[in-house]
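Okay, coords28.cif now, which holds mmCIF, N, CA and C atoms:
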```cif
data_data
loop_
_atom_site.label_atom_id
_atom_site.label_comp_id
_atom_site.auth_asym_id
_atom_site.auth_seq_id
_atom_site.Cartn_x
_atom_site.Cartn_y
_atom_site.Cartn_z
N MET I 1 -10.61 -9.54 13.71
CA MET I 1 -10.86 -10.44 12.62
C MET I 1 -9.75 -10.25 11.57
N PRO I 2 -9.13 -11.34 11.13
CA PRO I 2 -8.09 -11.23 10.10
C PRO I 2 -8.65 -10.75 8.77
N VAL I 3 -7.83 -10.04 8.04
CA VAL I 3 -8.17 -9.57 6.70
C VAL I 3 -7.16 -10.18 5.73
N THR I 4 -7.65 -10.73 4.64
CA THR I 4 -6.78 -11.30 3.62
C THR I 4 -6.83 -10.41 2.39
N SER I 5 -5.66 -10.02 1.90
CA SER I 5 -5.56 -9.22 0.68
C SER I 5 -5.04 -10.10 -0.43
N GLU I 6 -5.46 -9.80 -1.67
CA GLU I 6 -5.06 -10.64 -2.78
C GLU I 6 -4.51 -9.84 -3.95
N ALA I 7 -3.54 -10.44 -4.60
CA ALA I 7 -3.03 -9.98 -5.89
C ALA I 7 -2.87 -11.23 -6.74
N ALA I 8 -2.98 -11.08 -8.03
CA ALA I 8 -2.86 -12.23 -8.93
C ALA I 8 -1.91 -11.88 -10.07
N THR I 9 -1.17 -12.90 -10.50
CA THR I 9 -0.25 -12.73 -11.63
C THR I 9 -0.52 -13.80 -12.67
N THR I 10 -0.45 -13.39 -13.92
CA THR I 10 -0.47 -14.31 -15.05
C THR I 10 0.87 -14.15 -15.75
N TRP I 11 1.58 -15.26 -15.95
CA TRP I 11 2.91 -15.25 -16.57
C TRP I 11 2.92 -16.21 -17.74
N THR I 12 3.52 -15.82 -18.85
CA THR I 12 3.70 -16.71 -19.98
C THR I 12 5.16 -16.68 -20.42
N GLY I 13 5.67 -17.85 -20.77
CA GLY I 13 7.03 -17.94 -21.27
C GLY I 13 8.04 -18.23 -20.18
N SER I 14 9.31 -18.24 -20.59
CA SER I 14 10.40 -18.52 -19.66
C SER I 14 10.67 -17.30 -18.79
N LEU I 15 11.56 -17.47 -17.82
CA LEU I 15 11.89 -16.36 -16.93
C LEU I 15 12.43 -15.17 -17.70
N THR I 16 13.44 -15.39 -18.54
CA THR I 16 14.10 -14.26 -19.19
C THR I 16 13.39 -13.76 -20.43
N GLU I 17 12.64 -14.60 -21.10
CA GLU I 17 11.96 -14.19 -22.33
C GLU I 17 10.47 -13.92 -22.11
N GLY I 18 9.93 -14.39 -21.01
CA GLY I 18 8.50 -14.27 -20.77
C GLY I 18 8.11 -12.92 -20.20
N SER I 19 6.82 -12.81 -19.95
CA SER I 19 6.29 -11.59 -19.33
C SER I 19 4.96 -11.92 -18.70
N GLY I 20 4.44 -10.95 -17.96
CA GLY I 20 3.17 -11.20 -17.31
C GLY I 20 2.51 -9.91 -16.88
N THR I 21 1.46 -10.08 -16.11
CA THR I 21 0.74 -8.95 -15.53
C THR I 21 0.39 -9.29 -14.10
N VAL I 22 0.26 -8.25 -13.31
CA VAL I 22 -0.17 -8.40 -11.93
C VAL I 22 -1.38 -7.48 -11.73
N SER I 23 -2.34 -7.95 -10.96
CA SER I 23 -3.52 -7.14 -10.65
C SER I 23 -3.86 -7.31 -9.17
N PHE I 24 -4.61 -6.36 -8.67
CA PHE I 24 -4.96 -6.33 -7.25
C PHE I 24 -6.46 -6.42 -7.11
N SER I 25 -6.91 -7.21 -6.15
CA SER I 25 -8.36 -7.41 -5.99
C SER I 25 -9.08 -6.12 -5.65
N SER I 26 -8.40 -5.15 -5.04
CA SER I 26 -9.06 -3.92 -4.63
C SER I 26 -8.96 -2.81 -5.66
N SER I 27 -8.19 -3.01 -6.72
CA SER I 27 -7.90 -1.92 -7.64
C SER I 27 -8.79 -1.95 -8.87
N HIS I 28 -9.17 -0.77 -9.28
CA HIS I 28 -9.92 -0.62 -10.52
C HIS I 28 -8.99 -0.06 -11.60
N LEU I 29 -7.69 -0.12 -11.35
CA LEU I 29 -6.71 0.43 -12.28
C LEU I 29 -6.29 -0.56 -13.35
N GLY I 30 -6.79 -1.77 -13.28
CA GLY I 30 -6.43 -2.77 -14.27
C GLY I 30 -5.21 -3.56 -13.87
N THR I 31 -4.45 -3.97 -14.86
CA THR I 31 -3.28 -4.80 -14.63
C THR I 31 -2.00 -4.00 -14.88
N PHE I 32 -0.91 -4.49 -14.29
CA PHE I 32 0.38 -3.85 -14.43
C PHE I 32 1.34 -4.86 -15.05
N PRO I 33 2.12 -4.46 -16.06
CA PRO I 33 3.05 -5.40 -16.69
C PRO I 33 4.24 -5.71 -15.79
N ILE I 34 4.75 -6.93 -15.90
CA ILE I 34 5.95 -7.36 -15.19
C ILE I 34 6.80 -8.18 -16.15
N ASP I 35 8.12 -8.10 -16.01
CA ASP I 35 9.01 -8.97 -16.77
C ASP I 35 10.39 -9.00 -16.12
N TRP I 36 11.21 -9.96 -16.54
CA TRP I 36 12.53 -10.15 -15.96
C TRP I 36 13.45 -8.96 -16.26
N LYS I 37 13.38 -8.43 -17.47
CA LYS I 37 14.27 -7.33 -17.83
C LYS I 37 14.06 -6.15 -16.88
N ALA I 38 12.82 -5.79 -16.60
CA ALA I 38 12.56 -4.69 -15.67
C ALA I 38 13.11 -5.03 -14.29
N ARG I 39 12.95 -6.28 -13.89
CA ARG I 39 13.39 -6.68 -12.55
C ARG I 39 14.91 -6.66 -12.44
N SER I 40 15.60 -7.11 -13.46
CA SER I 40 17.05 -7.24 -13.37
C SER I 40 17.82 -6.02 -13.86
N GLU I 41 17.16 -5.17 -14.67
CA GLU I 41 17.85 -4.00 -15.22
C GLU I 41 17.20 -2.67 -14.84
N GLY I 42 15.97 -2.72 -14.33
CA GLY I 42 15.24 -1.49 -14.00
C GLY I 42 14.38 -1.05 -15.17
N SER I 43 13.33 -0.29 -14.88
CA SER I 43 12.41 0.19 -15.90
C SER I 43 11.59 1.33 -15.35
N GLU I 44 11.24 2.25 -16.22
CA GLU I 44 10.35 3.35 -15.85
C GLU I 44 8.89 3.03 -16.19
N THR I 45 8.66 1.93 -16.89
CA THR I 45 7.31 1.64 -17.39
C THR I 45 6.75 0.29 -16.97
N THR I 46 7.59 -0.56 -16.38
CA THR I 46 7.15 -1.90 -16.01
C THR I 46 7.44 -2.11 -14.53
N THR I 47 6.46 -2.61 -13.79
CA THR I 47 6.65 -2.81 -12.36
C THR I 47 7.46 -4.08 -12.08
N THR I 48 7.87 -4.22 -10.83
CA THR I 48 8.63 -5.39 -10.39
C THR I 48 8.10 -5.84 -9.04
N PRO I 49 8.39 -7.08 -8.65
CA PRO I 49 8.00 -7.51 -7.31
C PRO I 49 8.59 -6.59 -6.23
N GLU I 50 9.79 -6.09 -6.47
CA GLU I 50 10.43 -5.22 -5.47
C GLU I 50 9.71 -3.88 -5.35
N GLU I 51 9.19 -3.36 -6.47
CA GLU I 51 8.43 -2.12 -6.41
C GLU I 51 7.14 -2.34 -5.61
N LEU I 52 6.54 -3.50 -5.78
CA LEU I 52 5.32 -3.80 -5.02
C LEU I 52 5.63 -3.95 -3.53
N ILE I 53 6.76 -4.57 -3.21
CA ILE I 53 7.19 -4.67 -1.80
C ILE I 53 7.48 -3.28 -1.26
N ALA I 54 8.13 -2.43 -2.06
CA ALA I 54 8.43 -1.07 -1.62
C ALA I 54 7.14 -0.30 -1.31
N ALA I 55 6.12 -0.47 -2.14
CA ALA I 55 4.84 0.20 -1.89
C ALA I 55 4.23 -0.28 -0.58
N ALA I 56 4.29 -1.58 -0.35
CA ALA I 56 3.76 -2.13 0.90
C ALA I 56 4.55 -1.62 2.10
N HIS I 57 5.88 -1.58 1.98
CA HIS I 57 6.71 -1.16 3.10
C HIS I 57 6.51 0.32 3.41
N ALA I 58 6.48 1.17 2.38
CA ALA I 58 6.29 2.61 2.60
C ALA I 58 4.94 2.89 3.25
N SER I 59 3.88 2.22 2.78
CA SER I 59 2.56 2.48 3.36
C SER I 59 2.43 1.96 4.77
N CYS I 60 2.94 0.77 5.01
CA CYS I 60 2.86 0.19 6.35
C CYS I 60 3.66 1.03 7.36
N PHE I 61 4.88 1.41 6.97
CA PHE I 61 5.70 2.22 7.87
C PHE I 61 5.02 3.56 8.16
N SER I 62 4.45 4.21 7.14
CA SER I 62 3.77 5.49 7.34
C SER I 62 2.62 5.35 8.34
N MET I 63 1.87 4.27 8.23
CA MET I 63 0.78 4.03 9.17
C MET I 63 1.31 3.79 10.58
N ALA I 64 2.35 2.98 10.69
CA ALA I 64 2.93 2.68 12.01
C ALA I 64 3.50 3.93 12.64
N LEU I 65 4.18 4.76 11.85
CA LEU I 65 4.75 5.99 12.38
C LEU I 65 3.66 6.97 12.80
N SER I 66 2.65 7.12 11.97
CA SER I 66 1.54 8.01 12.31
C SER I 66 0.88 7.59 13.62
N ASN I 67 0.68 6.29 13.79
CA ASN I 67 0.07 5.77 15.01
C ASN I 67 0.97 6.02 16.23
N ALA I 68 2.27 5.75 16.08
CA ALA I 68 3.20 5.95 17.20
C ALA I 68 3.29 7.42 17.59
N LEU I 69 3.28 8.30 16.60
CA LEU I 69 3.32 9.74 16.90
C LEU I 69 2.05 10.18 17.63
N ALA I 70 0.90 9.69 17.20
CA ALA I 70 -0.36 10.02 17.86
C ALA I 70 -0.37 9.49 19.30
N GLU I 71 0.12 8.26 19.49
CA GLU I 71 0.19 7.70 20.84
C GLU I 71 1.14 8.49 21.73
N ASN I 72 2.11 9.16 21.14
CA ASN I 72 3.05 10.01 21.87
C ASN I 72 2.43 11.36 22.22
N GLY I 73 1.24 11.63 21.70
CA GLY I 73 0.60 12.92 21.94
C GLY I 73 1.04 13.99 20.95
N THR I 74 1.71 13.57 19.89
CA THR I 74 2.19 14.49 18.86
C THR I 74 1.79 13.97 17.47
N PRO I 75 0.49 14.00 17.17
CA PRO I 75 0.05 13.48 15.87
C PRO I 75 0.68 14.27 14.72
N PRO I 76 1.04 13.60 13.65
CA PRO I 76 1.67 14.29 12.53
C PRO I 76 0.67 15.06 11.69
N GLU I 77 1.15 16.14 11.09
CA GLU I 77 0.35 16.83 10.08
C GLU I 77 0.48 16.11 8.75
N ARG I 78 1.68 15.54 8.50
CA ARG I 78 1.95 14.88 7.24
C ARG I 78 3.12 13.93 7.41
N VAL I 79 3.06 12.78 6.75
CA VAL I 79 4.16 11.82 6.71
C VAL I 79 4.37 11.42 5.25
N ASN I 80 5.56 11.67 4.72
CA ASN I 80 5.92 11.25 3.36
C ASN I 80 7.01 10.20 3.46
N THR I 81 6.76 9.02 2.96
CA THR I 81 7.73 7.93 3.03
C THR I 81 7.99 7.34 1.65
N THR I 82 9.25 7.13 1.36
CA THR I 82 9.68 6.39 0.18
C THR I 82 10.43 5.16 0.66
N ALA I 83 10.10 4.01 0.11
CA ALA I 83 10.86 2.79 0.39
C ALA I 83 11.58 2.40 -0.90
N SER I 84 12.86 2.09 -0.77
CA SER I 84 13.67 1.66 -1.91
C SER I 84 14.13 0.24 -1.64
N VAL I 85 13.60 -0.71 -2.40
CA VAL I 85 13.93 -2.13 -2.21
C VAL I 85 14.92 -2.54 -3.29
N THR I 86 16.03 -3.13 -2.87
CA THR I 86 17.10 -3.51 -3.78
C THR I 86 17.04 -5.00 -4.10
N PHE I 87 17.16 -5.30 -5.39
CA PHE I 87 17.20 -6.67 -5.89
C PHE I 87 18.52 -6.86 -6.64
N LYS I 88 19.23 -7.94 -6.32
CA LYS I 88 20.47 -8.29 -7.01
C LYS I 88 20.26 -9.64 -7.68
N PRO I 89 20.26 -9.67 -9.05
CA PRO I 89 20.08 -10.95 -9.73
C PRO I 89 21.10 -11.98 -9.23
N GLY I 90 20.64 -13.18 -8.99
CA GLY I 90 21.51 -14.24 -8.49
C GLY I 90 21.58 -14.28 -6.97
N THR I 91 21.21 -13.20 -6.32
CA THR I 91 21.24 -13.13 -4.85
C THR I 91 19.83 -13.00 -4.30
N GLY I 92 19.07 -12.07 -4.85
CA GLY I 92 17.70 -11.83 -4.39
C GLY I 92 17.53 -10.44 -3.83
N ILE I 93 16.53 -10.27 -3.01
CA ILE I 93 16.25 -8.98 -2.37
C ILE I 93 17.25 -8.80 -1.23
N THR I 94 17.98 -7.69 -1.27
CA THR I 94 19.06 -7.50 -0.30
C THR I 94 18.77 -6.44 0.74
N GLY I 95 17.79 -5.58 0.52
CA GLY I 95 17.52 -4.56 1.52
C GLY I 95 16.35 -3.67 1.16
N SER I 96 15.91 -2.93 2.17
CA SER I 96 14.88 -1.91 1.99
C SER I 96 15.30 -0.69 2.78
N HIS I 97 15.32 0.45 2.10
CA HIS I 97 15.69 1.70 2.74
C HIS I 97 14.46 2.58 2.83
N LEU I 98 14.09 2.97 4.03
CA LEU I 98 12.96 3.86 4.26
C LEU I 98 13.50 5.28 4.41
N ASN I 99 12.92 6.20 3.65
CA ASN I 99 13.27 7.61 3.76
C ASN I 99 11.99 8.35 4.06
N VAL I 100 11.91 8.92 5.27
CA VAL I 100 10.68 9.58 5.70
C VAL I 100 10.96 11.04 6.06
N ASN I 101 10.03 11.88 5.68
CA ASN I 101 10.04 13.28 6.05
C ASN I 101 8.65 13.57 6.59
N ALA I 102 8.59 14.11 7.79
CA ALA I 102 7.28 14.33 8.42
C ALA I 102 7.20 15.70 9.05
N SER I 103 6.01 16.21 9.08
CA SER I 103 5.72 17.46 9.78
C SER I 103 4.99 17.10 11.07
N VAL I 104 5.68 17.33 12.20
CA VAL I 104 5.13 16.96 13.50
C VAL I 104 5.35 18.12 14.47
N PRO I 105 4.35 18.97 14.63
CA PRO I 105 4.51 20.12 15.52
C PRO I 105 4.80 19.68 16.96
N GLY I 106 5.72 20.41 17.59
CA GLY I 106 6.00 20.19 19.01
C GLY I 106 6.86 18.99 19.33
N LEU I 107 7.52 18.40 18.34
CA LEU I 107 8.34 17.21 18.59
C LEU I 107 9.79 17.51 18.25
N SER I 108 10.69 17.15 19.15
CA SER I 108 12.12 17.37 18.90
C SER I 108 12.63 16.36 17.88
N ALA I 109 13.73 16.71 17.24
CA ALA I 109 14.34 15.82 16.25
C ALA I 109 14.77 14.51 16.91
N GLU I 110 15.26 14.57 18.12
CA GLU I 110 15.71 13.37 18.83
C GLU I 110 14.54 12.43 19.12
N ALA I 111 13.45 13.00 19.60
CA ALA I 111 12.27 12.18 19.88
C ALA I 111 11.71 11.58 18.60
N PHE I 112 11.75 12.37 17.53
CA PHE I 112 11.27 11.86 16.25
C PHE I 112 12.09 10.66 15.80
N GLN I 113 13.41 10.74 15.92
CA GLN I 113 14.28 9.62 15.54
C GLN I 113 13.93 8.36 16.32
N GLU I 114 13.71 8.51 17.61
CA GLU I 114 13.40 7.36 18.47
C GLU I 114 12.06 6.73 18.07
N ILE I 115 11.07 7.58 17.85
CA ILE I 115 9.74 7.07 17.48
C ILE I 115 9.78 6.43 16.10
N ALA I 116 10.53 7.04 15.17
CA ALA I 116 10.64 6.48 13.81
C ALA I 116 11.33 5.12 13.84
N GLN I 117 12.37 4.97 14.64
CA GLN I 117 13.05 3.67 14.76
C GLN I 117 12.09 2.61 15.30
N GLY I 118 11.29 2.99 16.30
CA GLY I 118 10.32 2.05 16.85
C GLY I 118 9.27 1.65 15.82
N ALA I 119 8.84 2.62 14.99
CA ALA I 119 7.86 2.31 13.94
C ALA I 119 8.47 1.38 12.90
N LYS I 120 9.75 1.59 12.59
CA LYS I 120 10.43 0.72 11.62
C LYS I 120 10.44 -0.72 12.14
N THR I 121 10.75 -0.89 13.40
CA THR I 121 10.80 -2.22 14.00
C THR I 121 9.42 -2.84 14.14
N GLY I 122 8.43 -2.02 14.49
CA GLY I 122 7.08 -2.52 14.77
C GLY I 122 6.20 -2.69 13.55
N CYS I 123 6.57 -2.09 12.45
CA CYS I 123 5.77 -2.19 11.22
C CYS I 123 5.65 -3.66 10.79
N PRO I 124 4.45 -4.16 10.58
CA PRO I 124 4.29 -5.57 10.18
C PRO I 124 5.04 -5.95 8.90
N VAL I 125 5.17 -5.03 7.95
CA VAL I 125 5.92 -5.36 6.74
C VAL I 125 7.40 -5.45 7.07
N SER I 126 7.92 -4.56 7.92
CA SER I 126 9.32 -4.68 8.36
C SER I 126 9.54 -6.03 9.02
N GLN I 127 8.61 -6.47 9.83
CA GLN I 127 8.74 -7.76 10.49
C GLN I 127 8.73 -8.89 9.47
N ALA I 128 7.91 -8.77 8.42
CA ALA I 128 7.87 -9.79 7.38
C ALA I 128 9.17 -9.81 6.56
N LEU I 129 9.85 -8.68 6.52
CA LEU I 129 11.10 -8.56 5.77
C LEU I 129 12.33 -8.74 6.67
N ALA I 130 12.17 -9.40 7.78
CA ALA I 130 13.24 -9.52 8.77
C ALA I 130 14.51 -10.17 8.22
N GLY I 131 14.43 -10.87 7.11
CA GLY I 131 15.60 -11.53 6.54
C GLY I 131 16.50 -10.61 5.74
N ILE I 132 16.13 -9.35 5.58
CA ILE I 132 16.96 -8.41 4.84
C ILE I 132 17.30 -7.21 5.72
N GLU I 133 18.29 -6.45 5.31
CA GLU I 133 18.66 -5.24 6.04
C GLU I 133 17.63 -4.15 5.75
N ILE I 134 17.13 -3.51 6.81
CA ILE I 134 16.20 -2.39 6.67
C ILE I 134 16.87 -1.19 7.31
N THR I 135 17.03 -0.13 6.51
CA THR I 135 17.64 1.08 7.01
C THR I 135 16.61 2.21 6.99
N LEU I 136 16.88 3.26 7.76
CA LEU I 136 15.93 4.35 7.91
C LEU I 136 16.66 5.68 7.91
N GLU I 137 16.14 6.60 7.13
CA GLU I 137 16.57 8.00 7.14
C GLU I 137 15.33 8.80 7.47
N ALA I 138 15.32 9.48 8.62
CA ALA I 138 14.12 10.17 9.08
C ALA I 138 14.43 11.63 9.38
N THR I 139 13.65 12.54 8.78
CA THR I 139 13.83 13.96 9.02
C THR I 139 12.49 14.63 9.27
N LEU I 140 12.56 15.69 10.06
CA LEU I 140 11.38 16.51 10.31
C LEU I 140 11.35 17.65 9.29
N ALA I 141 10.14 17.97 8.82
CA ALA I 141 9.99 19.07 7.86
C ALA I 141 10.16 20.40 8.56
#
```

Is it possible to express this structure as structure tokens?
Amino acid sequence: MPVTSEAATTWTGSLTEGSGTVSFSSSHLGTFPIDWKARSEGSETTTTPEELIAAAHASCFSMALSNALAENGTPPERVNTTASVTFKPGTGITGSHLNVNASVPGLSAEAFQEIAQGAKTGCPVSQALAGIEITLEATLA
């Protein structure tokens, strides 16, 4: 059965002078501020669409990798993934870099690289982001 997830945004004002908030149907954390300045210049206090995509990509990849490792007979003890999504004003989203470090007893570094590459390709968010470059840095703890 398909599952639909929702997020909502309220925006007021123009692109460069306006601002807004984003909220998630599943979250009890409230709303998160968004604005153009954070998106085009970076911010430590305001989220961006790219940060939200990065969160989706990191979580999806971690799930896909965990599943692939378990199917290989080498379930992970831990998977830590960071996704870094790049936005260039005037161009758009240009890439996503996945950096994963995992603890997987009994698995060689070579096998880990192969399984991680497969998870990168098979991850549904990676597939949704097929129009951008996706890179992977994978290491065993």

Picked residues, the PyMOL selection byres (((chain I and resi 47 and name CA) around 6) and name CA), expected as a compact mmCIF listing (two decimals) with N, CA and C atoms, in the coordinates of the input:
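See selection-v4.txt below for the written result:
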```
# COMPACT_ATOMS: atom_id res chain seq x y z
N ILE I 34 4.75 -6.93 -15.90
CA ILE I 34 5.95 -7.36 -15.19
C ILE I 34 6.80 -8.18 -16.15
N THR I 46 7.59 -0.56 -16.38
CA THR I 46 7.15 -1.90 -16.01
C THR I 46 7.44 -2.11 -14.53
N THR I 48 7.87 -4.22 -10.83
CA THR I 48 8.63 -5.39 -10.39
C THR I 48 8.10 -5.84 -9.04
```

Expand the PyMOL selection byres ((chain I and resi 75-92) around 7) into the explicit residue set it covers here, and present it as a PyMOL selection string. chain I and resi 39-40+50-51+53-55+57-59+62+66+69-74+93-105

DSSP on the backbone: what in segment 93-135 of chain I comes out strand (DSSP E or B), as an MDAnalysis selection string? chainID I and resid 93:103 133:135

Quick one: of I:Gly131, I:Gly42, I:Pro33, I:Gly118, who's nearest to Ala68 of chain I, counting all atoms listed in the file?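 Closest to Ala68 of chain I, using all atoms listed in the file: I:Gly118.
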
Which of these, I:Leu29, I:Met63, I:Val3, I:Leu140, has the shortest distance to Phe112 of chain I once you count only N, CA and C atoms?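 Comparing I:Leu29, I:Met63, I:Val3, I:Leu140 against Phe112 of chain I, the winner is I:Leu140.
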
Give me, as a list in words, all polymer residues having an atom no more than 8 Å from Ser5 of chain I, counting all atoms listed in the file and skipping those fewer than 5 positions away in the same chain.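 Final neighbour list, sorted by chain and number: Phe24, Ser25 and Ser26 of chain I.
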
Using DSSP assignments from the backbone, pull out every residue in chain I that falls under helix (DSSP H, G or I) and give it to me as a ChimeraX atom specification. /I:36-41,49-71,109-122,124-128

Looking at all atoms listed in the file, which of I:Lys120, I:Asp35, I:Phe61, I:Ala130 is the one that sits closest to Ser19 of chain I? I:Asp35

Got a sec: who's within 8 Å of Gly20 of chain I, counting only N, CA and C atoms, leaving out chain neighbours fewer than 6 positions off, as a ChimeraX atom specification? /I:9-13,31-36

What is the distance, in Å and to one decimal place, between atom CA of Glu6 of chain I and atom CA of Ala56 of chain I? 12.8 Å

Please report the interatomic distance between atom CA of Ala38 of chain I and atom CA of Val22 of chain I in Å with one decimal.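 Atom CA of Val22 of chain I lies at a distance of 13.8 Å from atom CA of Ala38 of chain I.
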
State, in Å with one decimal place, the distance from atom CA of Thr121 of chain I to atom N of Ala8 of chain I.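 The value is 27.5 Å.
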